[in-house]
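Below is one structure, written out as structure tokens, with a few remarks after it.
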Amino acid sequence: MFKITLIPSNKPFFDDTEIEYATASIQSGNIAGDGPFGRKLENKLSDYLECKHALLVNSCTSAIEISLFALGIGPGDEVICPSFGFVSVANAILQCGAKPVFAEIDYETMNLDPAHTEKQITTRTRAIILIHYAGMSCDLVSFSELKEKHGLYLIEDAAQALGSKLQGKALGTFGDSGCFSLHETKNLTCGEGGIFVTNDDNIAQQAEIIREKGTNRSSFLRREVQKYTWVGRGSSYILSDILAAVALAQFEKIEPILSSRTKIAEFYQNAFAPYNYITPPTIPDGCKPNWHLFALRINKLHRDIFLEKLKSKGIGASFHFVPLHSAPYSKTKLKGGNVSLPVTDRVASELIRIPIYPQLSNAEKESVVSSMEEVAEELGLE
């Protein structure tokens, strides 16, 4: 039987540098967290993002948990977040004993809607967690105003947004803290990893203790104290220096990675522009996205047919999040099923992600487009 070659939705961009740096880390013997590769990368990230503090952690989930703990969020508090997002956000809120409150998204940007978010604010609301979906910026002007008006904390889940900017400023650096992912599926990866950033010295000090199991080990390594000990609440959130070495090799390629993804996105935008059956990605005013994803929307009556037929043609297209308010745990434990979020439900039922990564060849890009056109023709769409 003829085997169809799959064009995956994503592929990490590795070369010999990752092997070289990981090998050097292993041979050095300094493989625990807060090692030489990790500190070097943290300094580079601070410079690149133009923020005061960048801490490597073992996942973006951990960065979100650290944010909430460092800000003192706890039992009895409410944190507003989108339902259209990965479960890490809701779980992080639950981990600190608070309650996640789901708000609606904007159909065009697929990011949290400021107006609906404000309606969810109560006397118990302590923070808002934004998700910059697909590397596209949220309405940070409106959310900064909400933060000041209601005296709330603002946490940016920038898991998908490393390298994205709004008006020249890096996403993840607008709020009280920012959280990035270095997961296998992200533009830069070390397999599993994350980054916590903040411009607030007090938050940074708390975060450093929390990621080091509640100890002042980082201060000890900087020779600020003679011995380290238990000084607060924390867990084991720090990133191994072997993985930091891989992440450093990745970071050194960030500009060509972003450039390649942008060129592919521009190719797709031009190719799909003539077709009414496709709703292309919306780039917010002033945003320079990192094109972590290329997310199209197609009428929900046809979406699953597209996914099935694209897969049969060897194209790694996929849907994305199951809205959190409709997930089994939310319905049974959080009463999330009682929440009405029609825009979230619509986006989730229409969305298709198509392949985008630096190694995607011209022939593969054209194959993705032609396969979409073939399916549309079969369905009589224009």
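By convention in this document, the chains of the structure tokens carry letters A, B, ... by their order, each chain's residues are numbered from 1, and ligands are numbered from 1 in the order they are shown.
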Note to self: Show me, as a ChimeraX atom specification, the residues that have an atom within 10 Å of Val141 (chain A) when counting only C-alpha atoms, minus same-chain residues fewer than 5 positions from it.
What the structure shows: /A:114,146-147,174
Go ahead and dump the residues you just picked, N, CA and C atoms, as a short mmCIF file (atom, residue, chain, number, x, y, z; two decimals), in the first residue's frame.
data_model
loop_
_atom_site.label_atom_id
_atom_site.label_comp_id
_atom_site.auth_asym_id
_atom_site.auth_seq_id
_atom_site.Cartn_x
_atom_site.Cartn_y
_atom_site.Cartn_z
N PRO A 114 -11.60 42.29 26.82
CA PRO A 114 -11.56 43.15 28.01
C PRO A 114 -12.94 43.49 28.58
N LEU A 146 -7.69 48.12 33.13
CA LEU A 146 -8.46 47.33 34.09
C LEU A 146 -7.64 47.04 35.34
N LYS A 147 -6.38 46.73 35.14
CA LYS A 147 -5.47 46.45 36.26
C LYS A 147 -5.43 47.63 37.23
N PHE A 174 4.66 43.27 29.93
CA PHE A 174 3.72 44.35 30.21
C PHE A 174 3.10 44.24 31.60
#
Note to self: Just want the 10 Å neighbourhood of Met372 (chain A), counted on only C-alpha atoms, with same-chain residues fewer than 5 positions away dropped. Output as a list in words.
What the structure shows: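 That gives Phe272, Phe306, Leu307, Lys309, Leu310, Lys313, Ile315, Ile354, Glu366, Ser367 and Glu377 of chain A.
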Restricted to N, CA and C atoms, what would the selected residues look like written as a PDB file, in the first residue's frame?
ATOM      1  N   PHE A 272      -4.126  32.245   0.669  1.00  0.00           N
ATOM      2  CA  PHE A 272      -5.513  32.051   1.102  1.00  0.00           C
ATOM      3  C   PHE A 272      -6.370  33.306   0.978  1.00  0.00           C
ATOM      4  N   PHE A 306     -12.454  18.887   6.764  1.00  0.00           N
ATOM      5  CA  PHE A 306     -11.145  19.377   6.333  1.00  0.00           C
ATOM      6  C   PHE A 306     -10.031  18.630   7.053  1.00  0.00           C
ATOM      7  N   LEU A 307     -10.142  18.493   8.358  1.00  0.00           N
ATOM      8  CA  LEU A 307      -9.088  17.836   9.130  1.00  0.00           C
ATOM      9  C   LEU A 307      -8.894  16.390   8.688  1.00  0.00           C
ATOM     10  N   LYS A 309      -9.717  14.990   5.758  1.00  0.00           N
ATOM     11  CA  LYS A 309      -9.214  14.876   4.389  1.00  0.00           C
ATOM     12  C   LYS A 309      -7.768  15.371   4.277  1.00  0.00           C
ATOM     13  N   LEU A 310      -7.409  16.398   5.028  1.00  0.00           N
ATOM     14  CA  LEU A 310      -6.021  16.862   5.021  1.00  0.00           C
ATOM     15  C   LEU A 310      -5.095  15.782   5.566  1.00  0.00           C
ATOM     16  N   LYS A 313      -4.285  13.262   3.120  1.00  0.00           N
ATOM     17  CA  LYS A 313      -3.363  13.765   2.101  1.00  0.00           C
ATOM     18  C   LYS A 313      -1.949  13.977   2.650  1.00  0.00           C
ATOM     19  N   ILE A 315      -1.131  15.869   5.392  1.00  0.00           N
ATOM     20  CA  ILE A 315      -0.934  17.195   5.966  1.00  0.00           C
ATOM     21  C   ILE A 315      -1.263  17.150   7.459  1.00  0.00           C
ATOM     22  N   ILE A 354      -2.380  24.750  10.630  1.00  0.00           N
ATOM     23  CA  ILE A 354      -1.664  24.099   9.536  1.00  0.00           C
ATOM     24  C   ILE A 354      -0.159  24.189   9.776  1.00  0.00           C
ATOM     25  N   GLU A 366       3.466  24.573  -0.649  1.00  0.00           N
ATOM     26  CA  GLU A 366       2.531  24.508  -1.780  1.00  0.00           C
ATOM     27  C   GLU A 366       1.603  23.310  -1.653  1.00  0.00           C
ATOM     28  N   SER A 367       2.125  22.214  -1.094  1.00  0.00           N
ATOM     29  CA  SER A 367       1.300  21.023  -0.889  1.00  0.00           C
ATOM     30  C   SER A 367       0.198  21.294   0.137  1.00  0.00           C
ATOM     31  N   GLU A 377     -12.692  22.439  -2.961  1.00  0.00           N
ATOM     32  CA  GLU A 377     -13.360  22.173  -4.243  1.00  0.00           C
ATOM     33  C   GLU A 377     -14.312  20.991  -4.107  1.00  0.00           C
TER      34      GLU A 377
END
Select from region 193-268 of chain A every residue with an atom at most 12 Å from any atom of region 126-140 of chain A, then for each give the shortest pair of atoms and their distance in Å to one decimal, using only C-alpha atoms, rows by chain and rising number, as JSON lines.
{"residue": "A:Leu258", "atom": "CA", "partner": "A:Gly135", "partner_atom": "CA", "distance": 11.3}
{"residue": "A:Arg261", "atom": "CA", "partner": "A:Gly135", "partner_atom": "CA", "distance": 11.7}
{"residue": "A:Thr262", "atom": "CA", "partner": "A:Gly135", "partner_atom": "CA", "distance": 11.7}
{"residue": "A:Ala265", "atom": "CA", "partner": "A:Ala134", "partner_atom": "CA", "distance": 11.9}
Checklist line | Shell around Ala158 (chain A) at 7 Å using only C-alpha atoms, local window under 5 positions removed, as a list of chain:residue names | finding: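 Using only C-alpha atoms, the neighbours found are A:Ile131, A:His132, A:Leu171, A:Gly172, A:Gly178, A:Cys179, A:Phe180.
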Checklist line | Long-range neighbours of Leu182 (chain A) as number ranges by chain, 6 Å cut-off, only C-alpha atoms, 3 positions minimum in chain | finding: A: 186, 188-190, 192-194
Notebook entry, point to check: From the list A:Leu56, A:Leu239, A:Ile298, A:Ala247, which residue is nearest Pro280 (chain A) when using only C-alpha atoms?
Noted result: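 Smallest distance to Pro280 (chain A) is found for A:Ile298.
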What's around region 87-99 of chain A at 6 Å? Count only C-alpha atoms, leave out sequence neighbours fewer than 5 positions away in its own chain, and write the answer as a compact mmCIF listing (two decimals) with N, CA and C atoms, in the first residue's frame.
# COMPACT_ATOMS: atom_id res chain seq x y z
N THR A 61 3.99 26.08 32.84
CA THR A 61 3.05 25.81 33.94
C THR A 61 3.66 26.23 35.26
N GLU A 65 2.48 29.07 38.05
CA GLU A 65 2.31 28.76 39.47
C GLU A 65 3.18 29.68 40.33
N GLY A 74 -4.32 33.14 46.85
CA GLY A 74 -4.59 31.96 47.66
C GLY A 74 -6.06 31.66 47.81
N PRO A 75 -6.40 30.83 48.79
CA PRO A 75 -7.79 30.43 49.01
C PRO A 75 -8.72 31.63 49.19
N GLY A 76 -9.88 31.55 48.55
CA GLY A 76 -10.86 32.62 48.61
C GLY A 76 -10.72 33.64 47.49
N ASP A 77 -9.59 33.60 46.78
CA ASP A 77 -9.35 34.55 45.69
C ASP A 77 -9.89 34.00 44.37
N GLU A 78 -10.18 34.91 43.45
CA GLU A 78 -10.60 34.54 42.10
C GLU A 78 -9.60 35.11 41.10
Next item on the list: Please report, as number ranges by chain, each residue of region 317-365 of chain A to which DSSP assigns strand (DSSP E or B) when run on this structure's backbone.
Entry: A: 318, 351-354
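When only C-alpha atoms are used to measure the gap to Leu293 (chain A), the shortest distance among A:Asn338, A:Asn187, A:Thr123, A:Asn216 belongs to A:Asn187.
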Check: Where in region 129-285 of chain A does DSSP assign helix (DSSP H, G or I), given as number ranges by chain?
Finding: A: 133-135, 140-150, 201-211, 217-221, 241-251, 254-272
Notebook entry, point to check: Between A:Ser236, A:Asn299, A:Gln120, A:Ser349, which is the closest to Ile66 (chain A) once you count only C-alpha atoms?
Noted result: A:Ser236
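Between Ser67 (chain A) and the candidates A:Lys52, A:Arg211, A:Lys165, A:His116, the tightest atom-to-atom separation, counting only C-alpha atoms, involves A:Arg211.
The residue that comes closest to Gly33 (chain A), out of A:Ile305, A:Leu341, A:Leu221, A:Ile356 and on the basis of only C-alpha atoms, is A:Leu221.
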